$ cat protein.cif   # mmCIF, C-alpha atoms and all ligand atoms
data_work
loop_
_atom_site.label_atom_id
_atom_site.label_comp_id
_atom_site.auth_asym_id
_atom_site.auth_seq_id
_atom_site.Cartn_x
_atom_site.Cartn_y
_atom_site.Cartn_z
CA MET A 27 -32.19 -61.40 48.89
CA ARG A 28 -33.38 -64.17 46.60
CA ILE A 29 -36.95 -64.42 45.39
CA GLU A 30 -38.21 -67.93 46.08
CA ASP A 31 -41.96 -67.29 46.02
CA ALA A 32 -43.30 -69.42 43.13
CA LYS A 33 -46.26 -67.11 42.51
CA ILE A 34 -43.96 -64.13 41.94
CA LEU A 35 -41.47 -66.07 39.82
CA SER A 36 -44.23 -67.31 37.52
CA ALA A 37 -45.87 -63.84 37.26
CA LEU A 38 -42.69 -62.00 36.16
CA PRO A 39 -42.60 -62.99 32.44
CA ALA A 40 -46.19 -61.85 31.81
CA LEU A 41 -45.33 -58.50 33.43
CA GLY A 42 -42.38 -58.17 31.03
CA ILE A 43 -39.92 -58.30 33.94
CA GLU A 44 -36.58 -60.07 33.77
CA ARG A 45 -34.92 -61.39 36.94
CA VAL A 46 -31.14 -61.34 37.28
CA PRO A 47 -30.48 -63.66 40.24
CA GLY A 48 -27.67 -62.67 42.61
CA ALA A 49 -26.73 -59.52 40.69
CA SER A 50 -23.68 -57.62 41.99
CA LEU A 51 -24.34 -53.97 42.80
CA ALA A 52 -20.59 -53.37 42.79
CA GLU A 53 -20.85 -53.87 39.02
CA ARG A 54 -23.75 -51.43 38.75
CA THR A 55 -22.51 -48.48 40.79
CA SER A 56 -19.85 -45.93 39.86
CA LEU A 57 -18.06 -46.53 43.17
CA GLY A 58 -17.72 -50.24 42.37
CA ILE A 59 -18.98 -51.12 45.85
CA GLY A 60 -22.05 -53.10 46.95
CA GLY A 61 -23.33 -56.58 47.69
CA THR A 62 -25.53 -58.99 45.77
CA THR A 63 -29.27 -59.51 45.39
CA ASP A 64 -31.97 -60.39 42.87
CA LEU A 65 -32.35 -57.58 40.34
CA LEU A 66 -35.63 -57.07 38.49
CA LEU A 67 -35.44 -55.32 35.12
CA ILE A 68 -38.69 -53.51 34.32
CA ARG A 69 -39.61 -52.66 30.74
CA ARG A 70 -43.17 -51.37 31.22
CA HIS A 71 -44.11 -48.72 33.79
CA SER A 72 -47.61 -50.16 33.89
CA SER A 73 -46.22 -53.37 35.50
CA LEU A 74 -45.03 -51.51 38.57
CA PRO A 75 -48.21 -51.45 40.71
CA GLU A 76 -48.73 -55.20 40.25
CA LEU A 77 -45.06 -56.03 40.86
CA VAL A 78 -44.94 -54.01 44.07
CA ARG A 79 -48.23 -55.56 45.21
CA LEU A 80 -46.74 -59.04 44.71
CA LEU A 81 -43.45 -58.19 46.47
CA ASP A 82 -45.21 -56.53 49.43
CA GLY A 83 -47.67 -59.41 49.68
CA ALA A 84 -44.84 -61.95 49.95
CA GLY A 85 -42.77 -59.77 52.32
CA TYR A 86 -39.90 -58.87 49.97
CA PRO A 87 -38.61 -55.34 50.68
CA HIS A 88 -37.40 -53.55 47.56
CA LYS A 89 -35.38 -50.54 46.43
CA PHE A 90 -35.03 -48.76 43.11
CA LEU A 91 -31.69 -48.47 41.37
CA GLY A 92 -31.20 -45.67 38.84
CA GLY A 93 -27.81 -44.96 37.26
CA GLY A 94 -25.93 -45.94 40.43
CA SER A 95 -23.66 -42.91 40.19
CA ASN A 96 -24.54 -41.24 43.50
CA LEU A 97 -24.97 -44.35 45.58
CA LEU A 98 -23.06 -46.21 48.30
CA VAL A 99 -24.43 -49.71 48.89
CA ARG A 100 -23.56 -51.97 51.84
CA ASP A 101 -21.58 -55.19 51.42
CA GLY A 102 -22.72 -58.82 51.42
CA GLU A 103 -26.11 -60.34 50.56
CA LEU A 104 -28.50 -57.37 50.50
CA PRO A 105 -31.76 -57.44 52.48
CA TRP A 106 -33.85 -56.08 49.59
CA VAL A 107 -34.72 -56.96 46.04
CA VAL A 108 -33.57 -54.25 43.61
CA LEU A 109 -35.80 -52.87 40.82
CA HIS A 110 -34.43 -51.11 37.75
CA LEU A 111 -36.19 -49.42 34.83
CA VAL A 112 -34.83 -50.46 31.43
CA LYS A 113 -34.13 -47.60 29.02
CA PRO A 114 -36.48 -47.52 26.02
CA ASP A 115 -35.31 -46.43 22.58
CA PRO A 116 -35.77 -43.53 21.95
CA ASP A 117 -35.68 -42.12 25.48
CA VAL A 118 -36.20 -38.45 24.56
CA ARG A 119 -38.89 -36.88 22.37
CA LEU A 120 -38.91 -33.19 21.46
CA GLU A 121 -41.92 -31.01 20.73
CA GLY A 122 -41.15 -27.30 20.31
CA ASN A 123 -39.36 -26.18 23.48
CA PHE A 124 -40.48 -29.25 25.41
CA ALA A 125 -38.41 -32.39 25.94
CA TYR A 126 -40.26 -35.52 27.09
CA VAL A 127 -37.60 -37.66 28.75
CA HIS A 128 -37.72 -41.15 30.23
CA ALA A 129 -36.32 -41.29 33.78
CA SER A 130 -33.75 -43.91 32.76
CA ALA A 131 -32.23 -41.66 30.07
CA ASP A 132 -28.60 -40.67 30.64
CA LEU A 133 -28.48 -37.03 31.80
CA GLY A 134 -25.38 -36.04 29.80
CA ARG A 135 -26.71 -37.61 26.58
CA THR A 136 -30.03 -35.84 27.10
CA VAL A 137 -28.26 -32.48 27.46
CA THR A 138 -26.33 -33.10 24.20
CA PHE A 139 -29.35 -34.44 22.32
CA CYS A 140 -31.37 -31.33 23.22
CA ALA A 141 -28.38 -29.09 22.36
CA LYS A 142 -28.22 -30.59 18.86
CA HIS A 143 -31.82 -29.45 18.44
CA ASP A 144 -30.97 -25.92 19.62
CA LEU A 145 -32.44 -26.38 23.09
CA GLY A 146 -30.12 -25.17 25.86
CA GLY A 147 -30.14 -24.11 29.50
CA MET A 148 -28.75 -27.35 30.89
CA GLU A 149 -25.09 -26.80 29.90
CA GLY A 150 -23.96 -26.83 33.56
CA LEU A 151 -25.34 -30.34 34.00
CA ILE A 152 -23.25 -31.85 31.22
CA GLY A 153 -20.73 -33.73 33.37
CA VAL A 154 -23.15 -34.80 36.09
CA PRO A 155 -23.19 -38.61 35.86
CA GLY A 156 -26.36 -40.67 36.14
CA THR A 157 -29.91 -40.72 34.83
CA VAL A 158 -32.45 -37.97 34.38
CA GLY A 159 -34.64 -39.66 37.03
CA GLY A 160 -31.81 -39.63 39.56
CA ALA A 161 -31.01 -35.99 38.77
CA LEU A 162 -34.67 -35.10 39.19
CA ARG A 163 -35.15 -36.90 42.49
CA MET A 164 -32.40 -34.92 44.19
CA ASN A 165 -32.42 -31.80 42.03
CA ALA A 166 -28.90 -32.38 40.74
CA GLY A 167 -26.97 -29.23 39.95
CA ALA A 168 -23.62 -27.85 38.93
CA TYR A 169 -22.15 -24.53 37.81
CA GLY A 170 -25.25 -22.57 38.75
CA THR A 171 -27.74 -24.85 36.98
CA GLN A 172 -30.25 -27.13 38.69
CA ILE A 173 -32.48 -29.51 36.76
CA GLY A 174 -35.55 -28.42 38.78
CA SER A 175 -35.68 -25.06 36.96
CA PHE A 176 -36.71 -26.77 33.71
CA VAL A 177 -39.28 -29.23 35.06
CA ARG A 178 -42.85 -28.72 33.88
CA GLU A 179 -44.35 -32.14 34.61
CA VAL A 180 -43.23 -35.37 36.26
CA GLU A 181 -44.75 -38.81 35.90
CA LEU A 182 -43.97 -40.99 38.89
CA TYR A 183 -44.89 -44.18 40.67
CA ARG A 184 -46.32 -43.24 44.08
CA ALA A 185 -45.67 -46.07 46.50
CA ALA A 186 -48.10 -44.66 49.08
CA THR A 187 -51.08 -45.21 46.74
CA ARG A 188 -49.44 -47.84 44.50
CA SER A 189 -50.39 -45.77 41.48
CA ILE A 190 -48.82 -43.83 38.64
CA VAL A 191 -49.43 -40.09 39.00
CA THR A 192 -48.50 -36.92 37.10
CA LEU A 193 -47.42 -33.79 39.00
CA ARG A 194 -47.15 -30.31 37.54
CA GLY A 195 -43.81 -28.56 37.96
CA ASP A 196 -45.33 -25.95 40.29
CA GLU A 197 -46.56 -28.72 42.62
CA ILE A 198 -42.94 -29.79 43.27
CA HIS A 199 -40.45 -27.90 45.46
CA PHE A 200 -36.85 -27.98 44.29
CA GLU A 201 -34.13 -26.89 46.72
CA TYR A 202 -30.37 -27.45 46.96
CA ARG A 203 -30.01 -31.23 46.44
CA HIS A 204 -33.51 -31.76 47.80
CA THR A 205 -37.03 -32.12 46.41
CA SER A 206 -40.52 -32.49 47.84
CA PHE A 207 -40.96 -35.97 46.28
CA ALA A 208 -41.81 -38.66 48.85
CA PRO A 209 -38.75 -40.83 49.63
CA ASP A 210 -40.39 -43.83 47.97
CA ASP A 211 -41.72 -42.00 44.87
CA ILE A 212 -40.14 -43.44 41.73
CA MET A 213 -39.44 -41.08 38.87
CA LEU A 214 -40.74 -42.44 35.54
CA ALA A 215 -40.69 -39.57 33.04
CA VAL A 216 -40.33 -35.80 32.92
CA LYS A 217 -41.39 -32.95 30.67
CA LEU A 218 -38.73 -30.23 30.53
CA GLU A 219 -39.09 -26.77 29.01
CA LEU A 220 -35.80 -25.54 27.58
CA PRO A 221 -34.87 -22.17 26.10
CA SER A 222 -34.01 -21.98 22.38
CA LYS A 223 -30.32 -21.32 21.76
CA PRO A 224 -28.07 -21.97 18.78
CA PHE A 225 -26.13 -25.25 19.05
CA SER A 226 -22.75 -23.46 18.73
CA GLU A 227 -23.53 -21.28 21.75
CA ILE A 228 -24.66 -24.25 23.86
CA LEU A 229 -21.55 -26.16 22.81
CA SER A 230 -19.19 -23.44 24.02
CA GLY A 231 -21.02 -23.43 27.40
CA ILE A 232 -20.67 -27.22 27.55
CA ARG A 233 -16.93 -26.99 26.79
CA ILE A 234 -16.34 -24.46 29.56
CA CYS A 235 -18.14 -26.65 32.14
CA ASN A 236 -16.29 -29.77 30.99
CA GLU A 237 -12.94 -28.01 31.36
CA LYS A 238 -13.75 -26.71 34.84
CA ARG A 239 -14.84 -30.18 35.89
CA ARG A 240 -11.80 -31.92 34.43
CA ALA A 241 -9.51 -29.44 36.21
CA SER A 242 -11.08 -29.89 39.66
CA GLN A 243 -12.63 -33.38 39.89
CA PRO A 244 -11.18 -36.93 39.70
CA LEU A 245 -13.25 -37.99 36.68
CA ASN A 246 -11.30 -41.11 35.72
CA GLN A 247 -11.56 -42.74 39.15
CA LYS A 248 -14.31 -44.75 40.80
CA SER A 249 -16.37 -42.33 42.91
CA ALA A 250 -19.93 -41.24 43.65
CA GLY A 251 -19.23 -37.53 43.13
CA CYS A 252 -19.33 -35.35 46.21
CA ILE A 253 -19.82 -37.31 49.43
CA PHE A 254 -21.12 -34.45 51.61
CA LYS A 255 -23.52 -31.60 50.91
CA ASN A 256 -22.04 -28.16 51.22
CA PRO A 257 -23.14 -26.59 54.51
CA PRO A 258 -24.78 -23.16 54.08
CA GLY A 259 -22.22 -20.62 52.91
CA ALA A 260 -19.26 -23.04 52.91
CA SER A 261 -17.62 -25.73 50.81
CA ALA A 262 -17.22 -29.21 52.28
CA GLY A 263 -14.36 -29.89 49.82
CA ARG A 264 -12.42 -26.85 50.97
CA MET A 265 -12.92 -27.75 54.66
CA LEU A 266 -11.59 -31.27 54.13
CA ASP A 267 -8.68 -29.90 52.11
CA GLU A 268 -7.82 -27.38 54.85
CA LEU A 269 -7.76 -30.25 57.34
CA GLY A 270 -5.10 -31.94 55.21
CA LEU A 271 -7.35 -34.91 54.49
CA LYS A 272 -6.50 -35.35 50.78
CA GLY A 273 -5.05 -38.84 50.37
CA PHE A 274 -6.37 -39.97 53.78
CA ARG A 275 -7.68 -43.54 53.50
CA VAL A 276 -9.37 -46.45 55.21
CA GLY A 277 -8.41 -49.58 53.29
CA ASP A 278 -8.92 -48.70 49.63
CA ALA A 279 -11.50 -45.97 50.39
CA ARG A 280 -9.61 -42.74 49.82
CA VAL A 281 -10.13 -38.97 49.95
CA SER A 282 -9.28 -37.77 46.44
CA ASP A 283 -6.10 -35.71 45.93
CA ARG A 284 -7.87 -33.65 43.33
CA HIS A 285 -11.12 -32.73 45.14
CA ALA A 286 -11.37 -33.53 48.84
CA ASN A 287 -15.17 -34.01 48.78
CA PHE A 288 -14.78 -36.92 46.33
CA PHE A 289 -13.98 -40.24 48.01
CA THR A 290 -12.65 -42.84 45.61
CA ASN A 291 -12.44 -46.60 45.50
CA ALA A 292 -8.72 -46.97 44.88
CA GLY A 293 -8.84 -50.76 44.44
CA LYS A 294 -10.90 -53.18 46.48
CA ALA A 295 -12.67 -50.78 48.86
CA THR A 296 -15.63 -52.22 50.74
CA ALA A 297 -18.70 -50.33 51.91
CA ALA A 298 -17.41 -50.84 55.46
CA ASP A 299 -14.18 -48.99 54.51
CA MET A 300 -16.18 -46.17 52.95
CA PHE A 301 -18.58 -45.86 55.94
CA SER A 302 -15.62 -45.73 58.29
CA LEU A 303 -13.89 -43.06 56.16
CA ILE A 304 -17.09 -40.98 56.06
CA GLU A 305 -17.53 -41.10 59.85
CA THR A 306 -13.87 -40.30 60.57
CA VAL A 307 -13.93 -37.31 58.23
CA ARG A 308 -17.29 -36.11 59.54
CA ASN A 309 -15.95 -36.21 63.12
CA ARG A 310 -12.81 -34.32 62.17
CA VAL A 311 -14.88 -31.57 60.54
CA GLU A 312 -17.24 -31.37 63.50
CA GLN A 313 -14.35 -31.08 65.98
CA THR A 314 -12.65 -28.31 64.03
CA TYR A 315 -15.50 -26.34 62.49
CA GLY A 316 -18.43 -27.29 64.74
CA VAL A 317 -20.39 -28.29 61.61
CA LYS A 318 -21.94 -31.71 61.15
CA LEU A 319 -21.72 -32.53 57.44
CA GLU A 320 -24.66 -34.34 55.85
CA GLU A 321 -24.17 -36.91 53.12
CA GLU A 322 -24.89 -35.85 49.56
CA VAL A 323 -24.43 -39.42 48.36
CA VAL A 324 -27.39 -41.78 48.82
CA ILE A 325 -26.61 -44.59 51.25
CA TRP A 326 -28.20 -48.05 51.27
CA LYS A 327 -27.07 -49.47 54.60
N1 LIG B 1 -11.82 -26.48 47.08
C1 LIG B 1 -10.61 -26.67 47.71
N2 LIG B 1 -10.15 -27.94 47.83
C2 LIG B 1 -10.82 -29.02 47.36
C3 LIG B 1 -12.06 -28.83 46.72
C4 LIG B 1 -12.54 -27.55 46.59
O1 LIG B 1 -9.99 -25.72 48.16
O2 LIG B 1 -10.33 -30.14 47.52
C5 LIG B 1 -12.32 -25.11 46.91
C6 LIG B 1 -12.30 -24.71 45.43
O3 LIG B 1 -11.05 -24.20 45.06
C7 LIG B 1 -13.41 -23.66 45.38
C8 LIG B 1 -14.39 -24.14 46.45
O4 LIG B 1 -13.67 -25.03 47.30
O5 LIG B 1 -12.92 -22.41 45.75
C9 LIG B 1 -15.60 -24.83 45.85
O6 LIG B 1 -15.17 -25.95 45.08
P1 LIG B 1 -15.91 -26.43 43.74
O7 LIG B 1 -16.03 -25.28 42.79
O8 LIG B 1 -15.26 -27.67 43.28
O9 LIG B 1 -17.38 -26.69 44.19
P2 LIG B 1 -17.94 -27.59 45.35
O10 LIG B 1 -18.80 -26.71 46.18
O11 LIG B 1 -16.89 -28.37 46.02
C10 LIG B 1 -20.13 -28.17 44.06
C11 LIG B 1 -20.97 -29.41 43.97
C12 LIG B 1 -20.44 -30.31 42.85
C13 LIG B 1 -20.43 -29.54 41.54
C14 LIG B 1 -19.55 -28.30 41.71
C15 LIG B 1 -19.54 -27.42 40.50
C16 LIG B 1 -21.86 -30.01 46.14
C17 LIG B 1 -21.69 -30.86 47.35
N3 LIG B 1 -20.92 -30.14 45.21
O12 LIG B 1 -18.86 -28.60 44.50
O13 LIG B 1 -21.34 -31.39 42.74
O14 LIG B 1 -19.93 -30.35 40.50
O15 LIG B 1 -20.06 -27.50 42.81
O16 LIG B 1 -20.75 -26.71 40.40
O17 LIG B 1 -22.84 -29.27 46.03
C18 LIG B 1 -21.90 -33.64 43.33
O18 LIG B 1 -23.03 -33.23 43.57
O19 LIG B 1 -21.60 -34.83 43.47
C19 LIG B 1 -20.88 -32.68 42.91
C20 LIG B 1 -19.65 -33.04 42.68
#
$ encode --input "protein.cif" --output "structure tokens"
Amino acid sequence: MRIEDAKILSALPALGIERVPGASLAERTSLGIGGTTDLLLIRRHSSLPELVRLLDGAGYPHKFLGGGSNLLVRDGELPWVVLHLVKPDPDVRLEGNFAYVHASADLGRTVTFCAKHDLGGMEGLIGVPGTVGGALRMNAGAYGTQIGSFVREVELYRAATRSIVTLRGDEIHFEYRHTSFAPDDIMLAVKLELPSKPFSEILSGIRICNEKRRASQPLNQKSAGCIFKNPPGASAGRMLDELGLKGFRVGDARVSDRHANFFTNAGKATAADMFSLIETVRNRVEQTYGVKLEEEVVIWK
């Protein structure tokens, strides 16, 4: 979707917003899939209410792009404008056991930065790709750690009231890959409380998680991590593996040989290939196990 409204185009510079016309989302997502649209790069949170007011007023639907590492975007010219928060420098500030982190900060770098200052707890999250905001929105987790456990405060843009609000940690519910944030809330910043631990101890925890991940996940291939959520008490990856689906493909969209719940872009996969692979696999699982798998990956269709 291209912004042609002259009023919006002339307002963007004063709001500190840069427009990238016809940006390719395939270049901004870890799957390397997705169509094109105008991308708006936002440097000041305070510009958001006015920007959204302008876009809504002129009838431009919009979506927020974080790190693009857990996202499958449709092909072609996209029917929304995409908004993206630019990372400030520095993006983390420490005060005692609290870390104040910008939503656009890289999760892995944040874990290491805190570790170097003897703040631990998040070792399990080390290899989870993406931003802190993305991790927060869906309560990302791995190896027994979920980011929600450390959250004490979240600053967000609330689309319903077009305002920036701060929530206390105990006002937010964090569950398995799910939070009580409204679907159109935009994470802006978070205050985490982390336990003190010596760097060497955190580092050995980080190494163990990295090794486990390297041994079981296709880290050097284009993917969006796990495609399906695990159903209660079971593993989607194991089910797909038992069905002999490793290596199964639609075009260049492929079930990984290493971990069956990772679908990779083995070349020039389109979103259509990936959607078709997801539906085929979901149907196979439903026929055999009577379980309808839900996507873990976020889909913009
Ligand atoms: N398994 C197989 N074949 C496979 C994949 C897994 O037999 O192809 C078996 C494993 O051997 C193991 C069990 O299934 O016995 C569980 O596998 P794994 O330890 O890899 O965990 P998972 O449940 O498949 C979850 C998260 C991952 C996270 C890992 C590690 C979900 C959907 N996935 O995977 O998160 O990294 O645990 O904690 O919750 C993601 O969110 O994108 C993601 C990759």
$ residues_around --input "protein.cif" --residues "Thr138 (chain A)" --least-positions-apart "3" --cutoff "10 Å" --atoms "only C-alpha atoms" --output "VMD selection string"
chain A and resid 133 to 135 141 to 146 148 to 149 152 225 228 to 229 232
$ closest_residue --input "protein.cif" --among "A:Arg100, A:Asp283, A:Gly147, A:Arg188" --to "Lys223 (chain A)" --atoms "only C-alpha atoms"
A:Gly147
$ residues_around --input "protein.cif" --residues "His71 (chain A)" --least-positions-apart "2" --cutoff "9 Å" --atoms "all atoms listed in the file" --output "list in words"
Ile68, Arg69, Ser73, Leu74, Pro75, Leu111, Tyr183, Ile190 and Leu214 of chain A
$ atom_distance --input "protein.cif" --atom1 "CA of Gly93 (chain A)" --atom2 "CA of Ser226 (chain A)"
28.8 Å
$ closest_residue --input "protein.cif" --among "A:Arg264, A:Arg275, A:His204, A:Arg163" --to "ligand LIG 1 (chain B)" --atoms "all atoms listed in the file"
A:Arg264
$ residues_around --input "protein.cif" --residues "Leu109 (chain A)" --least-positions-apart "6" --cutoff "12 Å" --atoms "all atoms listed in the file" --output "NGL selection string"
:A and (43-46 or 49 or 51 or 63-69 or 71 or 73-74 or 77-78 or 81 or 86-93 or 212)
